[in-house]
Structure formats: C-alpha cells, structure tokens
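Student: Please find one structure pasted underneath; my questions will follow.
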Amino acid sequence: DPAFLRSVEVEAGAAAADAGFGAAAGAVRYETVGARDLLTDGRTQGGRVGLSYGSNGRGLSASLAGYGVHEGFDWFAMIHGTDGKNYEAGGGLEMDGTAPAVRGALVKLGYEFDTHRVELAYDRTEDDGDRTIKMNMDLYGEGLDRGVYPLKITRNTLSLKYTSTAPSDAWDPEAMVFVSNNKYERPNYATGARPINGDMNLENQTIGGKLQNTYTLEQGKITAGVDWAYDDYDIDNYGDTDRRRWSLETMQIGAFVQGRFEFDNGIDLSTGLRLDHQRFTDWNGGKHNDTGASVNGTLSYEFAEGYEVFAGASHTWLGHTFGEYALLHARTADLYVAEDYKASSARNVKLGLNVDQGNWTGNLTFFDTRLKDMGELQYPEDAPYYLDNVAEYRSKGFTLQGAYSWGSGRVGGSFTKADVTQDGEDRLPNGGTAVPVGKLATLYVDQEIAQYNAKVGATLEWADKLSGDYLTEAGFSELPSYTVLNLYGEWRPANYQNVVLHLGVDNVFDRKYSERSSYAQYDARGVQPLYAPGRTVTLGGQSVGTSSGWISS
C-alpha cells in the first residue's frame, strides 16, 4: 500500500558502491513508515483504514493499520488483503489465472534509549491462487482453457536494525541483519502432454547483514562499511525427470566506500569502490570462487543557475550469476556446469542535462548498459544441457522528460527509446535477462480544485510497435503499438479531512494490448501474449484516526 511508504529511491545506471552487491544496472530502494512518521501534534496512538473495490476482477482490497508510542517504545502493525476474479483484457477475453489473492502483514517494533535506536521488523506476503504455468505468457491461446493450477507463493523477512538518534560528523552508524525465506509451491500439476513441467517446490533462504558508518565533511559525506549474504536454494521436483532434488548456494562478502561531495563552484561528485568475494556451490557440488572489484563515478556541473550537465560511469562485478534457478526443476541428472564458467560483470555509461527553471523542469539522459558473461542454461541438440556464460546483452538509448507546474496543478511527460541487443543482434521478446523495449512515452496531468477539496488527473501511456524480419524469421509475430488512457479523481470531505475517497478508471477505451514485459505471439511454441486488463473502475477510501477519536470512511 503506497500510503505506508516513507521513501522510494531509484538509482538508474551507475549504481553507488553502498547500493549493495550485484547492482548491475542501478538500484531501487524503498522504506516503509513507522509510528513516529505518522503521529503528529503530540499524538501517542493512531490508525488507518483503507478499503477499495474495483470492477473487471479487481475485487475487494482492504488494509488496517495501528501505531503508537510509549516512552522510548514505538510500534506499527499493518495487515492487508485482496480478493477478486480473473480480469478481462480489452474486448472481453478472460485471462485465466489472474484473480488477485494476496495477503500480507508488516510489523515494526522500535526502542530508543540514550542516543541509540533499535528496530525489529517482520514482513510477510502470501499469494495463494490458481495460476497459469508461466506468468508472462499464455501457452493455450484465445478461447481455450489455459490450464490453471494451485500455486502458493510466500515471502517472509525478519530484520533487526541499529542506528544512532544523535549522529555526529564522525559517528553516524547503521548496523543491520536480516533473514528471509521465499517459497514457490506448485502441487497437483496435471502431467498430460507436459510431464517434465510437473509438480515442484522451490525454496530460497537468505541471511545477510550490513555494517557501515557515514562521515560528514565540509564538502560532503563518505560512507564506508561491509556487507554479506548467504543464499541457499532448494528445488524439490516430483515431475517426470531422473533427478528429484537439487540444491545450490552462494556466499558473498564485500567492503565498500562511497563519497558524495558538493563544491561551491557548482560541481557535484559521487564516486566509490567496492571489493567482493563470492563462493558459488553448484548442484553437483562444484565450487566456484572468485573476487572482483566495482567502481563508479558521477560528475555534475551547474554551469548556469538551474542548468546542470552530468556524466557517470560504472563497472560492476556481479559474481557467478544464475538467476533462473527454478529451471532446474525440469532438468535431468546429466546437467553440468561448463569448465570455463566465469563471473559476470556490468558496465554503465550515462550523460545528460538537468534543467530547473522555477515552474519548468526537464531532463535528457543518454544511457548505455552492458551485461557481460551472464550465466544461463544452454540447450544443445543431442547433448546434455549445461550452465555457461552467454553473449553480451546491451541496452542503449535516451530518455527525455519535462514538466510544468502552475501551483495547483502540473503537466509533464517522458519519452524513452531503448535498443536492446544480444551479441549485436536485436533481442527477441521471449523474457529472460533482457526484453526489447523500443519506444515508450507517458503524458500526465494533475489539477487540484481547492473549492471542492478535490484533485483530478490523467495519464496517457504509449508504446511503439516492434517489427522486423528478426521477429518473424524466429517465429514471433510483430508487436503492435498501443495507447492507453487512465483517469482518476480524489475528494476530501470538508468536515472530514482525515478521509480520502479515490475513483480511478484504467484503460478508459478498453484497449487490447500486452505490455513489453510479456512474450510476443510465438507460433513456433504456441505462446500467446499475456494481455493487460481492459477497462477497470476502482472506488476506494482511506481514513486516519488518532487517540483523540477515530474517523471512519
């Protein structure tokens, strides 16, 4: 629920050293709120209630949160859930296996004493519904039973974090340890014509941590520390193969330092270095050990007030990558790892211009991302399958953004052109490490209507078609372009400022389209696109209560 997010940070391209291990093309970080963020005006307790209902299968969604403080203690607890039906794509095609069935909970307990703060957090998410075999494709086509099967996905994360409530220039520490468990359980899968894709259980357990300190200087800050993580992967395949159980593990430990500086002459600099050691133990017991360094730097210069040019580059060592470990469930016992299997790496370059002129803002960024020696399974004919490095992936292009604000409203948009290739050839739309994007654009407008305590807005999403002989010769159909309009409105009743009502209409014109993250139509294997939802109307409300009295919607 976005209402419980404190911050979201997106770092595209040249990721900082303290972003963590394996930040190949950037990093996304988010932090949820706590009681001290939500309580105001000396309140000691409070809560939020959220409820929404949507057409086109979206169904009912609800959340309930309570939070409070007492002396040095603070607490926050939230539960949420959704329940609906399969949605229909534009034109009325029902997409089997898309009914929402998510349940979740988040609990945070904090204690502050002297100049110290300790926080314990637990996060659980569960999705328990009937799903199709593959979530980004339709193997059966229009008008046919897509074959949905029971699937339960659970994620549990427990973390303990220490920070200082009175940091100094030389002492601003952060220590954190976490453990997480992810399960993917697919029982009672019909064997039929695809027995090798049978029943399976996947489980990934991770334990890790970080210890860092931030030093404040006159020109900026330096963050230095160490981080580590141990991952264990288990696959229990009880389908029609000659090996039922598989397991592999990775262990990584790294040291990093990142400096961020602002100088009086208009120059800003962010640069850092990290060194990582990784051990990868494959499913046959083979051990692969390696050490690598990562370096990054981004330099910007404000050459006139509100006009800034920037350039950044990074080389990131990724260790031995094998992202799709679930593929092991359908493999036979002769699967092996190539003798020359080596660590992967990424290189990023970006440069551009930022403009901030009061009501006007804009950005132009050119980017070039390369993923080298990624680990993927290889499927030769008449020979055992194996894990090996593959040819380089590359995504290069530019993004243009602009916005104008007039106080009570704003209008803006973005345009992105990205050419995605592998080994110099256009990338096919078949999922995996990289997918073709082409040209994408978004326009948005928001307007507040103060006299009615209301706000209205709209977004327009556009994607250009993907076409060419490289698609049709490989058995794929061309991807048509699409344009989707979404509308929304919010209203706060004058006498109930803690209540917000929201009305949204997505895909107003009921367009039939598939997003670029889906497969394209692939006649050679009977794959159809996974179409996005058609017109969907959602009405929701949220109320906030405090210790002086509850207000409900």
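Just remember, in the structure tokens the first chain shown is A, the second B, etc., residues are 1-based per chain, and ligands are 1-based in the order shown.
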Show which residues sit within 8 Å of A:Ala101, as a list in words. Count only C-alpha atoms, and ignore same-chain residues fewer than 5 positions away.
Tutor: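 Here the answer would be Gly81, Thr82, Asp83, Gly84, Asp127, Asp128 and Gly129 of chain A.
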Student: Report as a PyMOL selection string all protein, DNA and RNA residues lying within 8 Å of stretch 168-183 of chain A, evaluated on only C-alpha atoms, omitting residues in the same chain fewer than 2 positions from it.
Tutor: chain A and resi 152-164+166+185+201-217
Student: Can you pull out every residue from stretch 214-419 of chain A that DSSP, working from the backbone, puts in helix (DSSP H, G or I), and format the result as a list of chain:residue names?
Tutor: A:Tyr325, A:Ala326, A:Leu327, A:Leu328, A:His329, A:Ala330
Student: The selected residues should be written to file as a compact mmCIF listing (two decimals), in the first residue's frame (atoms: N, CA and C atoms).
Tutor:
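Output (result.txt):
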# COMPACT_ATOMS: atom_id res chain seq x y z
N TYR A 325 17.00 -20.08 -11.21
CA TYR A 325 17.28 -21.40 -10.64
C TYR A 325 16.08 -22.32 -10.71
N ALA A 326 14.86 -21.78 -10.86
CA ALA A 326 13.68 -22.61 -10.97
C ALA A 326 13.73 -23.53 -12.18
N LEU A 327 14.52 -23.18 -13.19
CA LEU A 327 14.62 -24.02 -14.38
C LEU A 327 15.18 -25.40 -14.05
N LEU A 328 15.83 -25.56 -12.92
CA LEU A 328 16.40 -26.86 -12.57
C LEU A 328 15.31 -27.92 -12.36
N HIS A 329 14.09 -27.49 -12.08
CA HIS A 329 13.05 -28.47 -11.74
C HIS A 329 12.73 -29.39 -12.92
N ALA A 330 13.03 -28.97 -14.13
CA ALA A 330 12.69 -29.77 -15.30
C ALA A 330 13.92 -30.33 -16.00
Student: Could you tell me how far atom CA of A:Val484 lies from atom CA of A:Gly534, in Å and to one decimal?
Tutor: 9.7 Å
Student: Using DSSP on the backbone coordinates, identify all residues within stretch 113-292 of chain A classified as strand (DSSP E); present the result as a count of residues only.
Tutor: 121
Student: For A:Ser414, which residue among A:Gly26, A:Gly362, A:Gly431, A:Gly20 is the nearest when counting only C-alpha atoms?
Tutor: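 For A:Ser414, the nearest of the candidates is A:Gly362.
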Student: Got a sec: who's within 9 Å of A:Arg36, counting only C-alpha atoms, leaving out chain neighbours fewer than 6 positions off, as an mmCIF file with N, CA and C atoms, in the first residue's frame?
Tutor:
data_model
loop_
_atom_site.group_PDB
_atom_site.id
_atom_site.type_symbol
_atom_site.label_atom_id
_atom_site.label_comp_id
_atom_site.auth_asym_id
_atom_site.auth_seq_id
_atom_site.Cartn_x
_atom_site.Cartn_y
_atom_site.Cartn_z
ATOM 1 N N TYR A 67 -0.769 2.110 15.179
ATOM 2 C CA TYR A 67 0.579 2.503 15.548
ATOM 3 C C TYR A 67 0.523 3.383 16.792
ATOM 4 N N GLY A 68 1.641 3.456 17.507
ATOM 5 C CA GLY A 68 1.664 4.256 18.706
ATOM 6 C C GLY A 68 3.054 4.365 19.292
ATOM 7 N N VAL A 69 3.186 5.207 20.297
ATOM 8 C CA VAL A 69 4.443 5.394 21.014
ATOM 9 C C VAL A 69 4.147 5.415 22.507
ATOM 10 N N ASP A 74 8.063 2.394 20.307
ATOM 11 C CA ASP A 74 7.092 2.708 19.263
ATOM 12 C C ASP A 74 6.755 1.425 18.512
ATOM 13 N N TRP A 75 5.556 1.371 17.981
ATOM 14 C CA TRP A 75 5.100 0.168 17.296
ATOM 15 C C TRP A 75 4.225 0.533 16.107
#
Student: Give the answer as one residue: which of A:Ala35, A:Ala524, A:Ser52, A:Trp406 has the shortest atom-to-atom distance to A:Gly540, using only C-alpha atoms?
Tutor: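 That would be A:Ser52, the residue with the smallest distance to A:Gly540.
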Student: Measuring between only C-alpha atoms, which one of A:Phe398, A:Phe367, A:Tyr488, A:Phe322 shows the shortest distance to A:Ala343?
Tutor: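 Nearest candidate to A:Ala343 out of A:Phe398, A:Phe367, A:Tyr488, A:Phe322: A:Phe322.
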Student: Extract, using only C-alpha atoms, all DNA, RNA and protein residues at most 10 Å from A:Lys85, discarding same-chain residues fewer than 3 positions from it, and format them as a JSON list (two decimals) with N, CA, C and O atoms, in the first residue's frame.
Tutor:
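Result written to out-v2.json:
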[["chain", "number", "residue", "atom", "x", "y", "z"],
["A", 55, "SER", "N", -13.90, -3.00, -10.49],
["A", 55, "SER", "CA", -14.54, -3.86, -11.48],
["A", 55, "SER", "C", -13.48, -4.68, -12.21],
["A", 55, "SER", "O", -12.29, -4.61, -11.92],
["A", 56, "ASN", "N", -13.92, -5.45, -13.18],
["A", 56, "ASN", "CA", -13.03, -6.24, -14.04],
["A", 56, "ASN", "C", -12.09, -7.12, -13.23],
["A", 56, "ASN", "O", -10.88, -7.18, -13.47],
["A", 57, "GLY", "N", -12.64, -7.80, -12.24],
["A", 57, "GLY", "CA", -11.88, -8.78, -11.48],
["A", 57, "GLY", "C", -11.06, -8.24, -10.34],
["A", 57, "GLY", "O", -10.56, -9.02, -9.52],
["A", 58, "ARG", "N", -10.89, -6.91, -10.26],
["A", 58, "ARG", "CA", -10.02, -6.38, -9.21],
["A", 58, "ARG", "C", -10.57, -6.67, -7.82],
["A", 58, "ARG", "O", -9.81, -6.89, -6.88],
["A", 59, "GLY", "N", -11.87, -6.67, -7.67],
["A", 59, "GLY", "CA", -12.50, -7.10, -6.43],
["A", 59, "GLY", "C", -12.23, -6.19, -5.26],
["A", 59, "GLY", "O", -12.06, -4.97, -5.40],
["A", 60, "LEU", "N", -12.17, -6.80, -4.08],
["A", 60, "LEU", "CA", -12.07, -6.07, -2.82],
["A", 60, "LEU", "C", -10.62, -6.05, -2.33],
["A", 60, "LEU", "O", -9.94, -7.07, -2.33],
["A", 88, "GLU", "N", -10.64, -9.36, -17.47],
["A", 88, "GLU", "CA", -10.83, -9.48, -18.91],
["A", 88, "GLU", "C", -9.93, -8.46, -19.61],
["A", 88, "GLU", "O", -9.83, -7.31, -19.19],
["A", 94, "GLU", "N", -11.29, -13.26, -21.26],
["A", 94, "GLU", "CA", -10.94, -13.55, -19.87],
["A", 94, "GLU", "C", -9.56, -14.16, -19.79],
["A", 94, "GLU", "O", -9.24, -15.12, -20.49],
["A", 95, "MET", "N", -8.72, -13.61, -18.91],
["A", 95, "MET", "CA", -7.37, -14.11, -18.72],
["A", 95, "MET", "C", -7.35, -14.99, -17.48],
["A", 95, "MET", "O", -7.36, -14.52, -16.33],
["A", 96, "ASP", "N", -7.35, -16.30, -17.70],
["A", 96, "ASP", "CA", -7.39, -17.26, -16.61],
["A", 96, "ASP", "C", -6.15, -17.12, -15.72],
["A", 96, "ASP", "O", -5.06, -16.81, -16.18],
["A", 97, "GLY", "N", -6.34, -17.40, -14.44],
["A", 97, "GLY", "CA", -5.22, -17.39, -13.51],
["A", 97, "GLY", "C", -4.77, -16.01, -13.07],
["A", 97, "GLY", "O", -3.65, -15.86, -12.57],
["A", 98, "THR", "N", -5.63, -14.99, -13.24],
["A", 98, "THR", "CA", -5.22, -13.63, -12.87],
["A", 98, "THR", "C", -5.98, -13.09, -11.66],
["A", 98, "THR", "O", -5.84, -11.91, -11.32],
["A", 99, "ALA", "N", -6.80, -13.89, -11.01],
["A", 99, "ALA", "CA", -7.57, -13.41, -9.86],
["A", 99, "ALA", "C", -6.64, -13.01, -8.72],
["A", 99, "ALA", "O", -5.77, -13.79, -8.32],
["A", 100, "PRO", "N", -6.79, -11.79, -8.17],
["A", 100, "PRO", "CA", -5.94, -11.38, -7.04],
["A", 100, "PRO", "C", -6.24, -12.20, -5.79],
["A", 100, "PRO", "O", -7.39, -12.48, -5.48],
["A", 101, "ALA", "N", -5.19, -12.59, -5.07],
["A", 101, "ALA", "CA", -5.36, -13.41, -3.86],
["A", 101, "ALA", "C", -4.18, -13.17, -2.91],
["A", 101, "ALA", "O", -3.56, -14.11, -2.44]]
Student: Need the shell around A:Lys372: protein/DNA/RNA residues with any atom at most 12 Å away, counting only C-alpha atoms. Skip same-chain ones fewer than 4 positions apart. Format as a list of chain:residue names?
Tutor: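 With the cut-off at 12 Å, the set is A:Ala24, A:Ala25, A:His315, A:Thr316, A:Trp317, A:Leu318, A:Gly319, A:His320, A:Thr321, A:Lys342, A:Ala343, A:Ser344, A:Ser345, A:Ala346, A:Arg347, A:Asn348, A:Glu376, A:Asn389, A:Val390, A:Ala391, A:Glu392, A:Tyr393, A:Arg394, A:Ser395, A:Gln422, A:Asp423, A:Thr433.
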Student: Convert the current residue selection to file output with N, CA and C atoms, as a PDB file, in the first residue's frame.
Tutor:
ATOM      1  N   ALA A  24      23.639  -4.362 -11.038  1.00  0.00           N
ATOM      2  CA  ALA A  24      24.129  -4.381 -12.412  1.00  0.00           C
ATOM      3  C   ALA A  24      23.742  -3.136 -13.197  1.00  0.00           C
ATOM      4  N   ALA A  25      22.504  -2.687 -13.045  1.00  0.00           N
ATOM      5  CA  ALA A  25      22.019  -1.561 -13.847  1.00  0.00           C
ATOM      6  C   ALA A  25      21.345  -0.522 -12.974  1.00  0.00           C
ATOM      7  N   HIS A 315      31.699   0.235 -13.476  1.00  0.00           N
ATOM      8  CA  HIS A 315      31.987  -1.175 -13.777  1.00  0.00           C
ATOM      9  C   HIS A 315      31.609  -1.956 -12.531  1.00  0.00           C
ATOM     10  N   THR A 316      30.701  -2.916 -12.678  1.00  0.00           N
ATOM     11  CA  THR A 316      30.186  -3.653 -11.532  1.00  0.00           C
ATOM     12  C   THR A 316      30.476  -5.138 -11.693  1.00  0.00           C
ATOM     13  N   TRP A 317      31.136  -5.699 -10.708  1.00  0.00           N
ATOM     14  CA  TRP A 317      31.408  -7.136 -10.688  1.00  0.00           C
ATOM     15  C   TRP A 317      30.207  -7.840 -10.073  1.00  0.00           C
ATOM     16  N   LEU A 318      29.656  -8.840 -10.764  1.00  0.00           N
ATOM     17  CA  LEU A 318      28.398  -9.465 -10.370  1.00  0.00           C
ATOM     18  C   LEU A 318      28.557 -10.859  -9.779  1.00  0.00           C
ATOM     19  N   GLY A 319      29.759 -11.397  -9.803  1.00  0.00           N
ATOM     20  CA  GLY A 319      29.926 -12.771  -9.339  1.00  0.00           C
ATOM     21  C   GLY A 319      29.357 -13.764 -10.337  1.00  0.00           C
ATOM     22  N   HIS A 320      29.159 -14.998  -9.883  1.00  0.00           N
ATOM     23  CA  HIS A 320      28.608 -16.038 -10.740  1.00  0.00           C
ATOM     24  C   HIS A 320      27.085 -15.949 -10.717  1.00  0.00           C
ATOM     25  N   THR A 321      26.516 -15.524 -11.814  1.00  0.00           N
ATOM     26  CA  THR A 321      25.070 -15.288 -11.873  1.00  0.00           C
ATOM     27  C   THR A 321      24.342 -16.507 -12.422  1.00  0.00           C
ATOM     28  N   LYS A 342      32.502 -18.487 -15.745  1.00  0.00           N
ATOM     29  CA  LYS A 342      33.181 -17.408 -15.031  1.00  0.00           C
ATOM     30  C   LYS A 342      32.187 -16.373 -14.520  1.00  0.00           C
ATOM     31  N   ALA A 343      32.711 -15.434 -13.743  1.00  0.00           N
ATOM     32  CA  ALA A 343      31.871 -14.398 -13.141  1.00  0.00           C
ATOM     33  C   ALA A 343      31.383 -13.414 -14.200  1.00  0.00           C
ATOM     34  N   SER A 344      30.246 -12.796 -13.910  1.00  0.00           N
ATOM     35  CA  SER A 344      29.637 -11.819 -14.811  1.00  0.00           C
ATOM     36  C   SER A 344      30.014 -10.404 -14.375  1.00  0.00           C
ATOM     37  N   SER A 345      29.747  -9.447 -15.256  1.00  0.00           N
ATOM     38  CA  SER A 345      30.021  -8.051 -14.934  1.00  0.00           C
ATOM     39  C   SER A 345      29.074  -7.155 -15.724  1.00  0.00           C
ATOM     40  N   ALA A 346      28.997  -5.905 -15.307  1.00  0.00           N
ATOM     41  CA  ALA A 346      28.147  -4.920 -15.989  1.00  0.00           C
ATOM     42  C   ALA A 346      28.918  -3.622 -16.133  1.00  0.00           C
ATOM     43  N   ARG A 347      28.632  -2.923 -17.228  1.00  0.00           N
ATOM     44  CA  ARG A 347      29.207  -1.595 -17.449  1.00  0.00           C
ATOM     45  C   ARG A 347      28.093  -0.632 -17.807  1.00  0.00           C
ATOM     46  N   ASN A 348      28.127   0.538 -17.181  1.00  0.00           N
ATOM     47  CA  ASN A 348      27.115   1.562 -17.420  1.00  0.00           C
ATOM     48  C   ASN A 348      27.782   2.889 -17.744  1.00  0.00           C
ATOM     49  N   GLU A 376      23.550 -18.567 -17.971  1.00  0.00           N
ATOM     50  CA  GLU A 376      22.259 -19.097 -18.395  1.00  0.00           C
ATOM     51  C   GLU A 376      22.423 -20.549 -18.826  1.00  0.00           C
ATOM     52  N   ASN A 389      28.329 -19.133 -19.655  1.00  0.00           N
ATOM     53  CA  ASN A 389      28.172 -17.708 -19.903  1.00  0.00           C
ATOM     54  C   ASN A 389      27.640 -17.488 -21.319  1.00  0.00           C
ATOM     55  N   VAL A 390      26.869 -16.428 -21.489  1.00  0.00           N
ATOM     56  CA  VAL A 390      26.278 -16.128 -22.793  1.00  0.00           C
ATOM     57  C   VAL A 390      26.810 -14.799 -23.303  1.00  0.00           C
ATOM     58  N   ALA A 391      26.511 -14.532 -24.577  1.00  0.00           N
ATOM     59  CA  ALA A 391      26.992 -13.311 -25.215  1.00  0.00           C
ATOM     60  C   ALA A 391      26.408 -12.067 -24.547  1.00  0.00           C
ATOM     61  N   GLU A 392      27.058 -10.962 -24.748  1.00  0.00           N
ATOM     62  CA  GLU A 392      26.746  -9.712 -24.059  1.00  0.00           C
ATOM     63  C   GLU A 392      25.354  -9.176 -24.401  1.00  0.00           C
ATOM     64  N   TYR A 393      24.639  -8.768 -23.353  1.00  0.00           N
ATOM     65  CA  TYR A 393      23.402  -8.006 -23.508  1.00  0.00           C
ATOM     66  C   TYR A 393      23.756  -6.519 -23.478  1.00  0.00           C
ATOM     67  N   ARG A 394      22.986  -5.744 -24.252  1.00  0.00           N
ATOM     68  CA  ARG A 394      23.238  -4.307 -24.276  1.00  0.00           C
ATOM     69  C   ARG A 394      21.929  -3.550 -24.443  1.00  0.00           C
ATOM     70  N   SER A 395      21.768  -2.497 -23.671  1.00  0.00           N
ATOM     71  CA  SER A 395      20.625  -1.598 -23.799  1.00  0.00           C
ATOM     72  C   SER A 395      21.156  -0.178 -23.889  1.00  0.00           C
ATOM     73  N   GLN A 422      21.529  -8.572 -28.073  1.00  0.00           N
ATOM     74  CA  GLN A 422      22.432  -9.576 -27.515  1.00  0.00           C
ATOM     75  C   GLN A 422      23.392  -9.998 -28.606  1.00  0.00           C
ATOM     76  N   ASP A 423      24.665  -9.873 -28.305  1.00  0.00           N
ATOM     77  CA  ASP A 423      25.715 -10.184 -29.278  1.00  0.00           C
ATOM     78  C   ASP A 423      25.528  -9.364 -30.556  1.00  0.00           C
ATOM     79  N   THR A 433      16.742 -12.407 -19.252  1.00  0.00           N
ATOM     80  CA  THR A 433      17.530 -11.337 -18.650  1.00  0.00           C
ATOM     81  C   THR A 433      17.168  -9.965 -19.204  1.00  0.00           C
TER      82      THR A 433
END
Student: If we count only C-alpha atoms, what is near A:Gly50 at a cut-off of 7 Å, once residues fewer than 6 positions away on the same chain are taken out, given as a PDB file with all heavy atoms, in the first residue's frame?
Tutor:
ATOM      1  N   ALA A  62      -8.374  -4.366   1.049  1.00  0.00           N
ATOM      2  CA  ALA A  62      -8.529  -3.704   2.340  1.00  0.00           C
ATOM      3  C   ALA A  62      -7.215  -3.724   3.105  1.00  0.00           C
ATOM      4  O   ALA A  62      -6.397  -4.644   2.942  1.00  0.00           O
ATOM      5  CB  ALA A  62      -9.617  -4.387   3.167  1.00  0.00           C
ATOM      6  N   SER A  63      -7.019  -2.710   3.935  1.00  0.00           N
ATOM      7  CA  SER A  63      -5.855  -2.661   4.820  1.00  0.00           C
ATOM      8  C   SER A  63      -6.256  -2.019   6.131  1.00  0.00           C
ATOM      9  O   SER A  63      -7.151  -1.156   6.178  1.00  0.00           O
ATOM     10  CB  SER A  63      -4.707  -1.870   4.179  1.00  0.00           C
ATOM     11  OG  SER A  63      -5.060  -0.508   4.017  1.00  0.00           O
ATOM     12  N   LEU A  64      -5.610  -2.450   7.197  1.00  0.00           N
ATOM     13  CA  LEU A  64      -5.863  -1.931   8.536  1.00  0.00           C
ATOM     14  C   LEU A  64      -4.524  -1.779   9.242  1.00  0.00           C
ATOM     15  O   LEU A  64      -3.733  -2.725   9.278  1.00  0.00           O
ATOM     16  CB  LEU A  64      -6.773  -2.882   9.313  1.00  0.00           C
ATOM     17  CG  LEU A  64      -7.055  -2.521  10.776  1.00  0.00           C
ATOM     18  CD1 LEU A  64      -7.823  -1.207  10.865  1.00  0.00           C
ATOM     19  CD2 LEU A  64      -7.828  -3.650  11.464  1.00  0.00           C
ATOM     20  N   GLY A 541     -11.509   4.194  -0.409  1.00  0.00           N
ATOM     21  CA  GLY A 541     -11.482   5.210   0.631  1.00  0.00           C
ATOM     22  C   GLY A 541     -10.473   4.860   1.689  1.00  0.00           C
ATOM     23  O   GLY A 541     -10.166   3.684   1.913  1.00  0.00           O
ATOM     24  N   GLN A 542      -9.921   5.877   2.332  1.00  0.00           N
ATOM     25  CA  GLN A 542      -8.973   5.657   3.416  1.00  0.00           C
ATOM     26  C   GLN A 542      -9.259   6.678   4.510  1.00  0.00           C
ATOM     27  O   GLN A 542      -9.541   7.852   4.231  1.00  0.00           O
ATOM     28  CB  GLN A 542      -7.536   5.815   2.925  1.00  0.00           C
ATOM     29  CG  GLN A 542      -6.513   5.453   3.991  1.00  0.00           C
ATOM     30  CD  GLN A 542      -5.110   5.470   3.437  1.00  0.00           C
ATOM     31  OE1 GLN A 542      -4.454   6.488   3.470  1.00  0.00           O
ATOM     32  NE2 GLN A 542      -4.654   4.337   2.945  1.00  0.00           N
ATOM     33  N   SER A 543      -9.209   6.227   5.752  1.00  0.00           N
ATOM     34  CA  SER A 543      -9.430   7.124   6.877  1.00  0.00           C
ATOM     35  C   SER A 543      -8.290   6.989   7.864  1.00  0.00           C
ATOM     36  O   SER A 543      -7.647   5.945   7.968  1.00  0.00           O
ATOM     37  CB  SER A 543     -10.749   6.809   7.576  1.00  0.00           C
ATOM     38  OG  SER A 543     -10.694   5.535   8.189  1.00  0.00           O
TER      39      SER A 543
END
Student: Could you list, as a list in words, every residue within 9 Å of A:Leu466, counting only C-alpha atoms and ignoring same-chain residues fewer than 3 positions away?
Tutor: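 Returned residues: Pro436, Val437, Gly438, Lys439, Leu471, Glu478, Leu479, Pro480 and Ser481 of chain A.
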Student: Dump N, CA, C and O atoms for the selected residues as a short mmCIF file (atom, residue, chain, number, x, y, z; two decimals), in the first residue's frame?
Tutor:
data_model
loop_
_atom_site.label_atom_id
_atom_site.label_comp_id
_atom_site.auth_asym_id
_atom_site.auth_seq_id
_atom_site.Cartn_x
_atom_site.Cartn_y
_atom_site.Cartn_z
N PRO A 436 13.05 -6.57 -25.22
CA PRO A 436 13.06 -5.39 -26.08
C PRO A 436 12.04 -4.36 -25.60
O PRO A 436 10.95 -4.70 -25.16
N VAL A 437 12.42 -3.11 -25.69
CA VAL A 437 11.57 -2.02 -25.23
C VAL A 437 11.09 -1.16 -26.39
O VAL A 437 9.91 -0.85 -26.50
N GLY A 438 12.00 -0.74 -27.24
CA GLY A 438 11.63 0.12 -28.34
C GLY A 438 11.39 1.54 -27.87
O GLY A 438 12.19 2.11 -27.12
N LYS A 439 10.27 2.13 -28.27
CA LYS A 439 9.94 3.50 -27.90
C LYS A 439 8.72 3.51 -26.99
O LYS A 439 7.70 2.92 -27.31
N LEU A 471 12.08 -10.78 -36.00
CA LEU A 471 10.97 -11.35 -35.25
C LEU A 471 10.31 -12.49 -36.02
O LEU A 471 10.17 -13.61 -35.52
N GLU A 478 4.94 -9.64 -34.98
CA GLU A 478 5.26 -8.27 -34.63
C GLU A 478 4.36 -7.80 -33.50
O GLU A 478 3.21 -8.23 -33.37
N LEU A 479 4.89 -6.92 -32.65
CA LEU A 479 4.13 -6.39 -31.53
C LEU A 479 3.49 -5.07 -31.95
O LEU A 479 4.22 -4.12 -32.29
N PRO A 480 2.18 -4.98 -31.94
CA PRO A 480 1.53 -3.72 -32.35
C PRO A 480 1.73 -2.64 -31.31
O PRO A 480 2.00 -2.91 -30.14
N SER A 481 1.59 -1.40 -31.74
CA SER A 481 1.66 -0.28 -30.80
C SER A 481 0.37 -0.21 -30.00
O SER A 481 -0.65 -0.81 -30.35
#
Student: May I ask for the distance between atom CA of A:Asn486 and atom CA of A:Asp446, given in Å to one decimal place?
Tutor: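 We find that atom CA of A:Asn486 and atom CA of A:Asp446 lie 12.0 Å from each other.
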Student: Point out the residue among A:Val10, A:Ala15, A:Met135, A:Ala105 with the least atom-to-atom distance to A:Thr298, counting only C-alpha atoms.
Tutor: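 Among the listed residues, A:Ala15 lies closest to A:Thr298.
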Student: Choose the residue, out of A:Leu5, A:Ala19, A:Ile449, A:Leu275, that has the smallest atom-to-atom separation from A:Glu31; count only C-alpha atoms.
Tutor: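 Of A:Leu5, A:Ala19, A:Ile449, A:Leu275, the one nearest A:Glu31 is A:Leu5, counting only C-alpha atoms.
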Student: Can you tell me how far atom CA of A:Thr459 sits from atom CA of A:Arg6, in Å to one decimal?
Tutor: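 So the answer is 23.9 Å.
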